[in-house]
Amino acid sequence: GNVMLDYRKVRKSHPKLFNNLEVYSQPSACTDSIIMTWMMEAQCQEFPSTLWPRDMLAAGSTEVVRKAAALAGQMLSGIQGGTTSLVQTTDTDMSHSFKCCMNIAKEKERDVNKTIARMNGLPEYLSCGALEIMTIVAEAHEKQVQRNDDENCVLKANRRNGWLTWRPNLDTCK
């Protein structure tokens with residue numbers, strides 16, 4: 001079946017779950033140039049001029065993506081292979097915390113499913129369709145937003161990882 005149709009139904013019935021989240025689907029493990037271009041188009045509506053450090057995936061180096069980035073006011077910055085765990089904010093500061101928030105949200109969803117199953121005399125298990133996945137992701141995302149509001153962790157990580165450092169060329173500056 002069409003997996004994205006399930007997400008469209010959830011978006012229609014539970015639009016709040018999609019606040020500040022975008023859902024994309026494609027059959028390979030990495031973002032392709034089409035989806036990356038769509039992302040850039042959406043991002044420029046909210047952020048008219050930005051710097052985007054990204055993994056050096058093949059899609060990011062295509063001509064169509066480079067043109068889309070220029071039109072979207074995005075300056076692309078590649079993260080050299082083998083260094084993501086050292087400098088990519090997602091890896092250094094966000095993914096572990098997000099996974100913990102996902103686990104907490106998943107357990108809450110599991111408890112809801114167990115209660116419903118018990119009430120209906122059914123076996124207890126976590127049903128993970130589009131609604132459950134979006135419920136879990138939306139809750140975990142909201143916790144991360146709150147964490148950033150409380151701790152300013154994204155700015156701190158980007159500073160520490162060197163993304164907000166300007167290093168002039170002293171040979172050419174006057």
# chains A, B, ... in the order shown; residues from 1 in each chain; ligands from 1
$ residues_around --residues "Phe47 in chain A" --least-positions-apart "4" --cutoff "12 Å" --atoms "only C-alpha atoms" --output "PDB file with all heavy atoms, in the first residue's frame"
ATOM      1  N   MET A  39      12.961  20.154   0.425  1.00  0.00           N
ATOM      2  CA  MET A  39      13.278  20.634   1.771  1.00  0.00           C
ATOM      3  C   MET A  39      13.790  22.068   1.723  1.00  0.00           C
ATOM      4  O   MET A  39      13.397  22.907   2.537  1.00  0.00           O
ATOM      5  CB  MET A  39      14.327  19.732   2.419  1.00  0.00           C
ATOM      6  CG  MET A  39      13.830  18.381   2.813  1.00  0.00           C
ATOM      7  SD  MET A  39      15.227  17.399   3.436  1.00  0.00           S
ATOM      8  CE  MET A  39      14.379  15.917   3.932  1.00  0.00           C
ATOM      9  N   MET A  40      14.659  22.344   0.779  1.00  0.00           N
ATOM     10  CA  MET A  40      15.213  23.690   0.655  1.00  0.00           C
ATOM     11  C   MET A  40      14.117  24.703   0.341  1.00  0.00           C
ATOM     12  O   MET A  40      14.119  25.811   0.881  1.00  0.00           O
ATOM     13  CB  MET A  40      16.295  23.723  -0.418  1.00  0.00           C
ATOM     14  CG  MET A  40      17.542  23.014  -0.016  1.00  0.00           C
ATOM     15  SD  MET A  40      18.713  23.003  -1.387  1.00  0.00           S
ATOM     16  CE  MET A  40      20.120  22.288  -0.568  1.00  0.00           C
ATOM     17  N   GLU A  41      13.203  24.328  -0.537  1.00  0.00           N
ATOM     18  CA  GLU A  41      12.095  25.223  -0.873  1.00  0.00           C
ATOM     19  C   GLU A  41      11.262  25.538   0.375  1.00  0.00           C
ATOM     20  O   GLU A  41      10.864  26.690   0.593  1.00  0.00           O
ATOM     21  CB  GLU A  41      11.215  24.605  -1.958  1.00  0.00           C
ATOM     22  CG  GLU A  41      11.877  24.575  -3.316  1.00  0.00           C
ATOM     23  CD  GLU A  41      11.090  23.771  -4.352  1.00  0.00           C
ATOM     24  OE1 GLU A  41      10.046  23.164  -4.012  1.00  0.00           O
ATOM     25  OE2 GLU A  41      11.532  23.753  -5.518  1.00  0.00           O
ATOM     26  N   ALA A  42      10.989  24.533   1.185  1.00  0.00           N
ATOM     27  CA  ALA A  42      10.205  24.751   2.408  1.00  0.00           C
ATOM     28  C   ALA A  42      11.004  25.571   3.425  1.00  0.00           C
ATOM     29  O   ALA A  42      10.455  26.467   4.079  1.00  0.00           O
ATOM     30  CB  ALA A  42       9.790  23.413   3.011  1.00  0.00           C
ATOM     31  N   GLN A  43      12.290  25.281   3.551  1.00  0.00           N
ATOM     32  CA  GLN A  43      13.122  25.965   4.534  1.00  0.00           C
ATOM     33  C   GLN A  43      13.259  27.453   4.222  1.00  0.00           C
ATOM     34  O   GLN A  43      13.276  28.283   5.137  1.00  0.00           O
ATOM     35  CB  GLN A  43      14.496  25.310   4.606  1.00  0.00           C
ATOM     36  CG  GLN A  43      14.446  23.937   5.240  1.00  0.00           C
ATOM     37  CD  GLN A  43      15.666  23.086   4.923  1.00  0.00           C
ATOM     38  OE1 GLN A  43      16.463  23.406   4.043  1.00  0.00           O
ATOM     39  NE2 GLN A  43      15.796  21.985   5.641  1.00  0.00           N
ATOM     40  N   LEU A  51      23.052  29.186   6.617  1.00  0.00           N
ATOM     41  CA  LEU A  51      24.191  28.297   6.392  1.00  0.00           C
ATOM     42  C   LEU A  51      23.738  26.904   6.808  1.00  0.00           C
ATOM     43  O   LEU A  51      23.214  26.723   7.910  1.00  0.00           O
ATOM     44  CB  LEU A  51      25.386  28.735   7.243  1.00  0.00           C
ATOM     45  CG  LEU A  51      26.566  27.764   7.324  1.00  0.00           C
ATOM     46  CD1 LEU A  51      27.220  27.602   5.968  1.00  0.00           C
ATOM     47  CD2 LEU A  51      27.582  28.247   8.352  1.00  0.00           C
ATOM     48  N   TRP A  52      23.932  25.918   5.940  1.00  0.00           N
ATOM     49  CA  TRP A  52      23.481  24.551   6.205  1.00  0.00           C
ATOM     50  C   TRP A  52      24.654  23.577   6.148  1.00  0.00           C
ATOM     51  O   TRP A  52      25.027  23.117   5.075  1.00  0.00           O
ATOM     52  CB  TRP A  52      22.424  24.133   5.185  1.00  0.00           C
ATOM     53  CG  TRP A  52      21.119  24.806   5.428  1.00  0.00           C
ATOM     54  CD1 TRP A  52      20.699  26.003   4.911  1.00  0.00           C
ATOM     55  CD2 TRP A  52      20.070  24.354   6.269  1.00  0.00           C
ATOM     56  NE1 TRP A  52      19.460  26.312   5.367  1.00  0.00           N
ATOM     57  CE2 TRP A  52      19.046  25.312   6.210  1.00  0.00           C
ATOM     58  CE3 TRP A  52      19.898  23.237   7.068  1.00  0.00           C
ATOM     59  CZ2 TRP A  52      17.864  25.185   6.917  1.00  0.00           C
ATOM     60  CZ3 TRP A  52      18.711  23.114   7.768  1.00  0.00           C
ATOM     61  CH2 TRP A  52      17.715  24.079   7.692  1.00  0.00           C
ATOM     62  N   ALA A  69      19.752  25.573  -3.621  1.00  0.00           N
ATOM     63  CA  ALA A  69      20.326  26.218  -2.439  1.00  0.00           C
ATOM     64  C   ALA A  69      20.562  27.701  -2.705  1.00  0.00           C
ATOM     65  O   ALA A  69      20.241  28.552  -1.863  1.00  0.00           O
ATOM     66  CB  ALA A  69      21.625  25.527  -2.036  1.00  0.00           C
ATOM     67  N   ALA A  72      17.351  29.500  -2.694  1.00  0.00           N
ATOM     68  CA  ALA A  72      16.759  29.521  -1.355  1.00  0.00           C
ATOM     69  C   ALA A  72      17.587  30.338  -0.366  1.00  0.00           C
ATOM     70  O   ALA A  72      17.244  30.424   0.809  1.00  0.00           O
ATOM     71  CB  ALA A  72      16.604  28.088  -0.833  1.00  0.00           C
ATOM     72  N   GLY A  73      18.676  30.937  -0.830  1.00  0.00           N
ATOM     73  CA  GLY A  73      19.521  31.723   0.063  1.00  0.00           C
ATOM     74  C   GLY A  73      20.296  30.873   1.044  1.00  0.00           C
ATOM     75  O   GLY A  73      20.634  31.321   2.138  1.00  0.00           O
ATOM     76  N   GLN A  74      20.582  29.630   0.662  1.00  0.00           N
ATOM     77  CA  GLN A  74      21.312  28.724   1.540  1.00  0.00           C
ATOM     78  C   GLN A  74      22.752  28.578   1.064  1.00  0.00           C
ATOM     79  O   GLN A  74      23.002  28.297  -0.096  1.00  0.00           O
ATOM     80  CB  GLN A  74      20.658  27.342   1.549  1.00  0.00           C
ATOM     81  CG  GLN A  74      19.305  27.326   2.189  1.00  0.00           C
ATOM     82  CD  GLN A  74      18.766  25.916   2.349  1.00  0.00           C
ATOM     83  OE1 GLN A  74      19.470  24.934   2.155  1.00  0.00           O
ATOM     84  NE2 GLN A  74      17.506  25.823   2.711  1.00  0.00           N
ATOM     85  N   MET A  75      23.674  28.771   2.000  1.00  0.00           N
ATOM     86  CA  MET A  75      25.063  28.484   1.706  1.00  0.00           C
ATOM     87  C   MET A  75      25.330  27.076   2.229  1.00  0.00           C
ATOM     88  O   MET A  75      25.139  26.804   3.418  1.00  0.00           O
ATOM     89  CB  MET A  75      25.995  29.494   2.374  1.00  0.00           C
ATOM     90  CG  MET A  75      27.449  29.233   2.027  1.00  0.00           C
ATOM     91  SD  MET A  75      28.614  30.568   2.420  1.00  0.00           S
ATOM     92  CE  MET A  75      28.171  31.054   4.051  1.00  0.00           C
TER      93      MET A  75
END
$ closest_atom_pairs --of "range 43-154 of chain A" --to "range 29-35 of chain A" --cutoff "10 Å" --atoms "only C-alpha atoms" --output "tab-separated table"
residue	atom	partner	partner_atom	distance
A:Leu57	CA	A:Cys30	CA	7.7
A:Ala58	CA	A:Asp32	CA	7.9
A:Ala59	CA	A:Ser33	CA	4.6
A:Gly60	CA	A:Ser33	CA	6.8
A:Ser61	CA	A:Ser33	CA	8.7
A:Thr62	CA	A:Ser33	CA	7.0
A:Glu63	CA	A:Ser33	CA	9.1
A:Val64	CA	A:Ser33	CA	7.2
A:Val65	CA	A:Ser33	CA	6.1
A:Arg66	CA	A:Ser33	CA	9.7
A:Ala68	CA	A:Ser33	CA	9.8
$ residues_around --residues "range 95-103 of chain A" --least-positions-apart "4" --cutoff "7 Å" --atoms "only C-alpha atoms" --output "PDB file with N, CA and C atoms, in the first residue's frame"
ATOM      1  N   THR A  90      23.961  17.347  15.271  1.00  0.00           N
ATOM      2  CA  THR A  90      23.045  16.225  15.495  1.00  0.00           C
ATOM      3  C   THR A  90      23.749  15.112  16.247  1.00  0.00           C
ATOM      4  N   ASP A  91      24.948  14.759  15.803  1.00  0.00           N
ATOM      5  CA  ASP A  91      25.687  13.655  16.410  1.00  0.00           C
ATOM      6  C   ASP A  91      26.271  14.017  17.770  1.00  0.00           C
ATOM      7  N   GLU A 107       7.129   4.547  25.323  1.00  0.00           N
ATOM      8  CA  GLU A 107       6.600   3.841  26.496  1.00  0.00           C
ATOM      9  C   GLU A 107       5.214   4.373  26.875  1.00  0.00           C
ATOM     10  N   ILE A 136       4.478   9.732  18.798  1.00  0.00           N
ATOM     11  CA  ILE A 136       5.774   9.555  19.466  1.00  0.00           C
ATOM     12  C   ILE A 136       6.772  10.618  19.012  1.00  0.00           C
ATOM     13  N   VAL A 137       6.896  10.812  17.710  1.00  0.00           N
ATOM     14  CA  VAL A 137       7.863  11.775  17.173  1.00  0.00           C
ATOM     15  C   VAL A 137       7.509  13.198  17.606  1.00  0.00           C
ATOM     16  N   ALA A 140       8.458  13.693  21.271  1.00  0.00           N
ATOM     17  CA  ALA A 140       9.917  13.760  21.431  1.00  0.00           C
ATOM     18  C   ALA A 140      10.461  15.077  20.886  1.00  0.00           C
ATOM     19  N   LYS A 143       9.790  17.893  23.300  1.00  0.00           N
ATOM     20  CA  LYS A 143      10.734  17.839  24.438  1.00  0.00           C
ATOM     21  C   LYS A 143      12.081  18.446  24.037  1.00  0.00           C
ATOM     22  N   GLN A 144      12.520  18.181  22.798  1.00  0.00           N
ATOM     23  CA  GLN A 144      13.790  18.746  22.329  1.00  0.00           C
ATOM     24  C   GLN A 144      13.691  20.262  22.191  1.00  0.00           C
TER      25      GLN A 144
END
$ closest_residue --among "A:Arg8, A:Asp93, A:Leu86, A:Arg147" --to "Gly162 in chain A" --atoms "only C-alpha atoms"
A:Leu86
$ atom_distance --atom1 "CA of Met56 in chain A" --atom2 "CA of Pro27 in chain A"
19.3 Å
$ select_by_dssp --residues "range 128-169 of chain A" --states "helix (DSSP H, G or I)" --output "PyMOL selection string"
chain A and resi 130-151+153-160
$ write_last_selection --atoms "N, CA, C and O atoms" --output "short mmCIF file (atom, residue, chain, number, x, y, z; two decimals), in the first residue's frame"
data_model
loop_
_atom_site.label_atom_id
_atom_site.label_comp_id
_atom_site.auth_asym_id
_atom_site.auth_seq_id
_atom_site.Cartn_x
_atom_site.Cartn_y
_atom_site.Cartn_z
N ALA A 130 0.96 4.96 11.39
CA ALA A 130 1.32 6.36 11.18
C ALA A 130 0.91 7.24 12.36
O ALA A 130 1.68 8.12 12.77
N LEU A 131 -0.27 7.02 12.92
CA LEU A 131 -0.72 7.84 14.05
C LEU A 131 0.19 7.66 15.26
O LEU A 131 0.61 8.65 15.88
N GLU A 132 0.52 6.43 15.59
CA GLU A 132 1.37 6.17 16.74
C GLU A 132 2.78 6.74 16.52
O GLU A 132 3.37 7.35 17.43
N ILE A 133 3.31 6.56 15.33
CA ILE A 133 4.65 7.07 15.03
C ILE A 133 4.67 8.60 15.13
O ILE A 133 5.56 9.18 15.76
N MET A 134 3.67 9.26 14.57
CA MET A 134 3.63 10.72 14.64
C MET A 134 3.40 11.21 16.07
O MET A 134 3.96 12.24 16.46
N THR A 135 2.62 10.48 16.84
CA THR A 135 2.41 10.85 18.24
C THR A 135 3.73 10.80 19.00
O THR A 135 4.08 11.72 19.75
N ILE A 136 4.48 9.73 18.80
CA ILE A 136 5.77 9.55 19.47
C ILE A 136 6.77 10.62 19.01
O ILE A 136 7.43 11.27 19.83
N VAL A 137 6.90 10.81 17.71
CA VAL A 137 7.86 11.78 17.17
C VAL A 137 7.51 13.20 17.61
O VAL A 137 8.39 13.97 18.01
N ALA A 138 6.22 13.55 17.54
CA ALA A 138 5.80 14.90 17.92
C ALA A 138 6.12 15.19 19.38
O ALA A 138 6.60 16.27 19.73
N GLU A 139 5.87 14.22 20.25
CA GLU A 139 6.17 14.42 21.67
C GLU A 139 7.67 14.55 21.90
O GLU A 139 8.13 15.44 22.65
N ALA A 140 8.46 13.69 21.27
CA ALA A 140 9.92 13.76 21.43
C ALA A 140 10.46 15.08 20.89
O ALA A 140 11.34 15.70 21.50
N HIS A 141 9.93 15.51 19.76
CA HIS A 141 10.37 16.78 19.18
C HIS A 141 10.05 17.95 20.11
O HIS A 141 10.89 18.82 20.34
N GLU A 142 8.86 17.94 20.67
CA GLU A 142 8.46 19.01 21.59
C GLU A 142 9.39 19.05 22.81
O GLU A 142 9.76 20.13 23.28
N LYS A 143 9.79 17.89 23.30
CA LYS A 143 10.73 17.84 24.44
C LYS A 143 12.08 18.45 24.04
O LYS A 143 12.73 19.13 24.84
N GLN A 144 12.52 18.18 22.80
CA GLN A 144 13.79 18.75 22.33
C GLN A 144 13.69 20.26 22.19
O GLN A 144 14.62 20.99 22.52
N VAL A 145 12.56 20.74 21.71
CA VAL A 145 12.35 22.19 21.59
C VAL A 145 12.41 22.82 22.98
O VAL A 145 13.06 23.85 23.18
N GLN A 146 11.74 22.18 23.93
CA GLN A 146 11.77 22.69 25.31
C GLN A 146 13.17 22.66 25.89
O GLN A 146 13.61 23.61 26.55
N ARG A 147 13.91 21.60 25.60
CA ARG A 147 15.30 21.50 26.07
C ARG A 147 16.13 22.65 25.50
O ARG A 147 16.91 23.28 26.23
N ASN A 148 15.94 22.94 24.22
CA ASN A 148 16.69 24.04 23.62
C ASN A 148 16.27 25.38 24.22
O ASN A 148 17.12 26.24 24.47
N ASP A 149 14.98 25.56 24.47
CA ASP A 149 14.52 26.79 25.11
C ASP A 149 15.14 26.96 26.49
O ASP A 149 15.53 28.06 26.87
N ASP A 150 15.24 25.87 27.23
CA ASP A 150 15.77 25.91 28.59
C ASP A 150 17.29 26.06 28.64
O ASP A 150 17.82 26.77 29.49
N GLU A 151 17.99 25.36 27.75
CA GLU A 151 19.45 25.26 27.84
C GLU A 151 20.22 25.95 26.71
O GLU A 151 21.44 26.03 26.76
N CYS A 153 20.89 24.74 23.90
CA CYS A 153 21.87 23.70 23.55
C CYS A 153 22.30 23.72 22.08
O CYS A 153 23.44 23.38 21.78
N VAL A 154 21.44 24.13 21.17
CA VAL A 154 21.82 24.14 19.76
C VAL A 154 22.89 25.21 19.51
O VAL A 154 23.91 24.95 18.86
N LEU A 155 22.67 26.40 20.03
CA LEU A 155 23.66 27.47 19.88
C LEU A 155 24.98 27.08 20.53
O LEU A 155 26.05 27.24 19.93
N LYS A 156 24.91 26.54 21.74
CA LYS A 156 26.14 26.12 22.44
C LYS A 156 26.90 25.06 21.65
O LYS A 156 28.13 25.13 21.53
N ALA A 157 26.17 24.08 21.11
CA ALA A 157 26.82 23.01 20.34
C ALA A 157 27.45 23.56 19.07
O ALA A 157 28.58 23.18 18.72
N ASN A 158 26.75 24.43 18.38
CA ASN A 158 27.31 24.99 17.15
C ASN A 158 28.53 25.85 17.42
O ASN A 158 29.49 25.82 16.64
N ARG A 159 28.52 26.57 18.51
CA ARG A 159 29.73 27.33 18.89
C ARG A 159 30.89 26.39 19.17
O ARG A 159 31.99 26.56 18.67
N ARG A 160 30.63 25.40 20.04
CA ARG A 160 31.67 24.46 20.45
C ARG A 160 32.21 23.66 19.26
O ARG A 160 33.40 23.37 19.18
#
$ closest_residue --among "A:Lys114, A:Arg54, A:Lys106, A:Arg167" --to "Gly81 in chain A" --atoms "only C-alpha atoms"
A:Arg54
$ closest_residue --among "A:Asn161, A:Thr37, A:Asn113, A:Ser25" --to "Leu5 in chain A" --atoms "only C-alpha atoms"
A:Ser25
$ select_by_dssp --residues "chain A" --states "strand (DSSP E)" --output "list in words"
Thr50, Leu51, Trp52, Pro53, Arg54, Asp55, Gln74, Met75, Leu76, Ser77, Gly78 and Ile79 of chain A
$ closest_residue --among "A:Ile79, A:Leu17, A:Ile104, A:Cys173" --to "Pro53 in chain A" --atoms "only C-alpha atoms"
A:Ile79
$ atom_distance --atom1 "CA of Trp166 in chain A" --atom2 "CA of Met94 in chain A"
23.5 Å
$ atom_distance --atom1 "CA of Leu170 in chain A" --atom2 "CA of Gln88 in chain A"
26.9 Å
$ decode --residues "range 149-162 of chain A" --atoms "all heavy atoms" --output "PDB file, in the first residue's frame"
ATOM      1  N   ASP A 149      14.978  25.557  24.466  1.00  0.00           N
ATOM      2  CA  ASP A 149      14.518  26.793  25.107  1.00  0.00           C
ATOM      3  C   ASP A 149      15.140  26.963  26.489  1.00  0.00           C
ATOM      4  O   ASP A 149      15.528  28.063  26.871  1.00  0.00           O
ATOM      5  CB  ASP A 149      12.987  26.800  25.232  1.00  0.00           C
ATOM      6  CG  ASP A 149      12.277  26.981  23.904  1.00  0.00           C
ATOM      7  OD1 ASP A 149      12.934  27.324  22.898  1.00  0.00           O
ATOM      8  OD2 ASP A 149      11.046  26.763  23.870  1.00  0.00           O
ATOM      9  N   ASP A 150      15.236  25.868  27.229  1.00  0.00           N
ATOM     10  CA  ASP A 150      15.768  25.908  28.594  1.00  0.00           C
ATOM     11  C   ASP A 150      17.289  26.059  28.639  1.00  0.00           C
ATOM     12  O   ASP A 150      17.820  26.771  29.492  1.00  0.00           O
ATOM     13  CB  ASP A 150      15.387  24.638  29.373  1.00  0.00           C
ATOM     14  CG  ASP A 150      13.888  24.518  29.621  1.00  0.00           C
ATOM     15  OD1 ASP A 150      13.155  25.526  29.452  1.00  0.00           O
ATOM     16  OD2 ASP A 150      13.445  23.406  29.956  1.00  0.00           O
ATOM     17  N   GLU A 151      17.991  25.359  27.747  1.00  0.00           N
ATOM     18  CA  GLU A 151      19.452  25.255  27.840  1.00  0.00           C
ATOM     19  C   GLU A 151      20.221  25.946  26.711  1.00  0.00           C
ATOM     20  O   GLU A 151      21.439  26.030  26.759  1.00  0.00           O
ATOM     21  CB  GLU A 151      19.853  23.776  27.852  1.00  0.00           C
ATOM     22  CG  GLU A 151      19.255  22.963  28.973  1.00  0.00           C
ATOM     23  CD  GLU A 151      19.521  21.474  28.803  1.00  0.00           C
ATOM     24  OE1 GLU A 151      20.467  21.098  28.079  1.00  0.00           O
ATOM     25  OE2 GLU A 151      18.753  20.693  29.391  1.00  0.00           O
ATOM     26  N   ASN A 152      19.515  26.370  25.656  1.00  0.00           N
ATOM     27  CA  ASN A 152      20.171  26.967  24.494  1.00  0.00           C
ATOM     28  C   ASN A 152      21.215  26.017  23.905  1.00  0.00           C
ATOM     29  O   ASN A 152      22.306  26.426  23.493  1.00  0.00           O
ATOM     30  CB  ASN A 152      20.788  28.315  24.867  1.00  0.00           C
ATOM     31  CG  ASN A 152      20.734  29.304  23.737  1.00  0.00           C
ATOM     32  OD1 ASN A 152      20.150  29.044  22.690  1.00  0.00           O
ATOM     33  ND2 ASN A 152      21.349  30.446  23.939  1.00  0.00           N
ATOM     34  N   CYS A 153      20.893  24.738  23.903  1.00  0.00           N
ATOM     35  CA  CYS A 153      21.871  23.701  23.555  1.00  0.00           C
ATOM     36  C   CYS A 153      22.295  23.719  22.082  1.00  0.00           C
ATOM     37  O   CYS A 153      23.439  23.384  21.777  1.00  0.00           O
ATOM     38  CB  CYS A 153      21.353  22.322  23.948  1.00  0.00           C
ATOM     39  SG  CYS A 153      19.755  21.899  23.282  1.00  0.00           S
ATOM     40  N   VAL A 154      21.436  24.133  21.169  1.00  0.00           N
ATOM     41  CA  VAL A 154      21.825  24.144  19.756  1.00  0.00           C
ATOM     42  C   VAL A 154      22.887  25.209  19.511  1.00  0.00           C
ATOM     43  O   VAL A 154      23.914  24.949  18.864  1.00  0.00           O
ATOM     44  CB  VAL A 154      20.596  24.338  18.840  1.00  0.00           C
ATOM     45  CG1 VAL A 154      21.019  24.495  17.385  1.00  0.00           C
ATOM     46  CG2 VAL A 154      19.627  23.164  18.988  1.00  0.00           C
ATOM     47  N   LEU A 155      22.667  26.398  20.027  1.00  0.00           N
ATOM     48  CA  LEU A 155      23.656  27.469  19.876  1.00  0.00           C
ATOM     49  C   LEU A 155      24.983  27.080  20.526  1.00  0.00           C
ATOM     50  O   LEU A 155      26.048  27.236  19.929  1.00  0.00           O
ATOM     51  CB  LEU A 155      23.127  28.776  20.472  1.00  0.00           C
ATOM     52  CG  LEU A 155      24.082  29.971  20.393  1.00  0.00           C
ATOM     53  CD1 LEU A 155      24.405  30.316  18.945  1.00  0.00           C
ATOM     54  CD2 LEU A 155      23.464  31.159  21.119  1.00  0.00           C
ATOM     55  N   LYS A 156      24.914  26.539  21.741  1.00  0.00           N
ATOM     56  CA  LYS A 156      26.136  26.125  22.445  1.00  0.00           C
ATOM     57  C   LYS A 156      26.901  25.064  21.649  1.00  0.00           C
ATOM     58  O   LYS A 156      28.125  25.133  21.527  1.00  0.00           O
ATOM     59  CB  LYS A 156      25.797  25.584  23.827  1.00  0.00           C
ATOM     60  CG  LYS A 156      25.363  26.638  24.808  1.00  0.00           C
ATOM     61  CD  LYS A 156      24.957  26.011  26.133  1.00  0.00           C
ATOM     62  CE  LYS A 156      24.453  27.035  27.119  1.00  0.00           C
ATOM     63  NZ  LYS A 156      24.006  26.410  28.376  1.00  0.00           N
ATOM     64  N   ALA A 157      26.171  24.083  21.110  1.00  0.00           N
ATOM     65  CA  ALA A 157      26.824  23.013  20.342  1.00  0.00           C
ATOM     66  C   ALA A 157      27.453  23.562  19.071  1.00  0.00           C
ATOM     67  O   ALA A 157      28.579  23.181  18.720  1.00  0.00           O
ATOM     68  CB  ALA A 157      25.820  21.925  20.006  1.00  0.00           C
ATOM     69  N   ASN A 158      26.752  24.432  18.384  1.00  0.00           N
ATOM     70  CA  ASN A 158      27.307  24.995  17.149  1.00  0.00           C
ATOM     71  C   ASN A 158      28.534  25.847  17.421  1.00  0.00           C
ATOM     72  O   ASN A 158      29.490  25.823  16.642  1.00  0.00           O
ATOM     73  CB  ASN A 158      26.231  25.783  16.390  1.00  0.00           C
ATOM     74  CG  ASN A 158      25.308  24.862  15.645  1.00  0.00           C
ATOM     75  OD1 ASN A 158      25.743  24.037  14.857  1.00  0.00           O
ATOM     76  ND2 ASN A 158      24.020  24.976  15.893  1.00  0.00           N
ATOM     77  N   ARG A 159      28.524  26.574  18.506  1.00  0.00           N
ATOM     78  CA  ARG A 159      29.730  27.331  18.887  1.00  0.00           C
ATOM     79  C   ARG A 159      30.888  26.386  19.175  1.00  0.00           C
ATOM     80  O   ARG A 159      31.993  26.555  18.668  1.00  0.00           O
ATOM     81  CB  ARG A 159      29.448  28.155  20.142  1.00  0.00           C
ATOM     82  CG  ARG A 159      29.108  29.556  19.880  1.00  0.00           C
ATOM     83  CD  ARG A 159      29.183  30.368  21.170  1.00  0.00           C
ATOM     84  NE  ARG A 159      28.316  31.498  20.983  1.00  0.00           N
ATOM     85  CZ  ARG A 159      27.358  31.856  21.801  1.00  0.00           C
ATOM     86  NH1 ARG A 159      27.144  31.192  22.912  1.00  0.00           N
ATOM     87  NH2 ARG A 159      26.620  32.894  21.547  1.00  0.00           N
ATOM     88  N   ARG A 160      30.632  25.405  20.041  1.00  0.00           N
ATOM     89  CA  ARG A 160      31.673  24.457  20.451  1.00  0.00           C
ATOM     90  C   ARG A 160      32.213  23.662  19.257  1.00  0.00           C
ATOM     91  O   ARG A 160      33.397  23.365  19.184  1.00  0.00           O
ATOM     92  CB  ARG A 160      31.111  23.516  21.512  1.00  0.00           C
ATOM     93  CG  ARG A 160      32.133  22.590  22.120  1.00  0.00           C
ATOM     94  CD  ARG A 160      31.558  21.696  23.197  1.00  0.00           C
ATOM     95  NE  ARG A 160      30.405  20.917  22.733  1.00  0.00           N
ATOM     96  CZ  ARG A 160      29.131  21.171  23.028  1.00  0.00           C
ATOM     97  NH1 ARG A 160      28.821  22.181  23.796  1.00  0.00           N
ATOM     98  NH2 ARG A 160      28.166  20.426  22.555  1.00  0.00           N
ATOM     99  N   ASN A 161      31.330  23.325  18.313  1.00  0.00           N
ATOM    100  CA  ASN A 161      31.750  22.525  17.161  1.00  0.00           C
ATOM    101  C   ASN A 161      32.419  23.366  16.073  1.00  0.00           C
ATOM    102  O   ASN A 161      32.850  22.829  15.064  1.00  0.00           O
ATOM    103  CB  ASN A 161      30.554  21.782  16.579  1.00  0.00           C
ATOM    104  CG  ASN A 161      30.026  20.721  17.520  1.00  0.00           C
ATOM    105  OD1 ASN A 161      30.613  20.442  18.554  1.00  0.00           O
ATOM    106  ND2 ASN A 161      28.910  20.120  17.167  1.00  0.00           N
ATOM    107  N   GLY A 162      32.509  24.674  16.282  1.00  0.00           N
ATOM    108  CA  GLY A 162      33.244  25.529  15.353  1.00  0.00           C
ATOM    109  C   GLY A 162      32.433  26.093  14.201  1.00  0.00           C
ATOM    110  O   GLY A 162      32.991  26.756  13.325  1.00  0.00           O
TER     111      GLY A 162
END
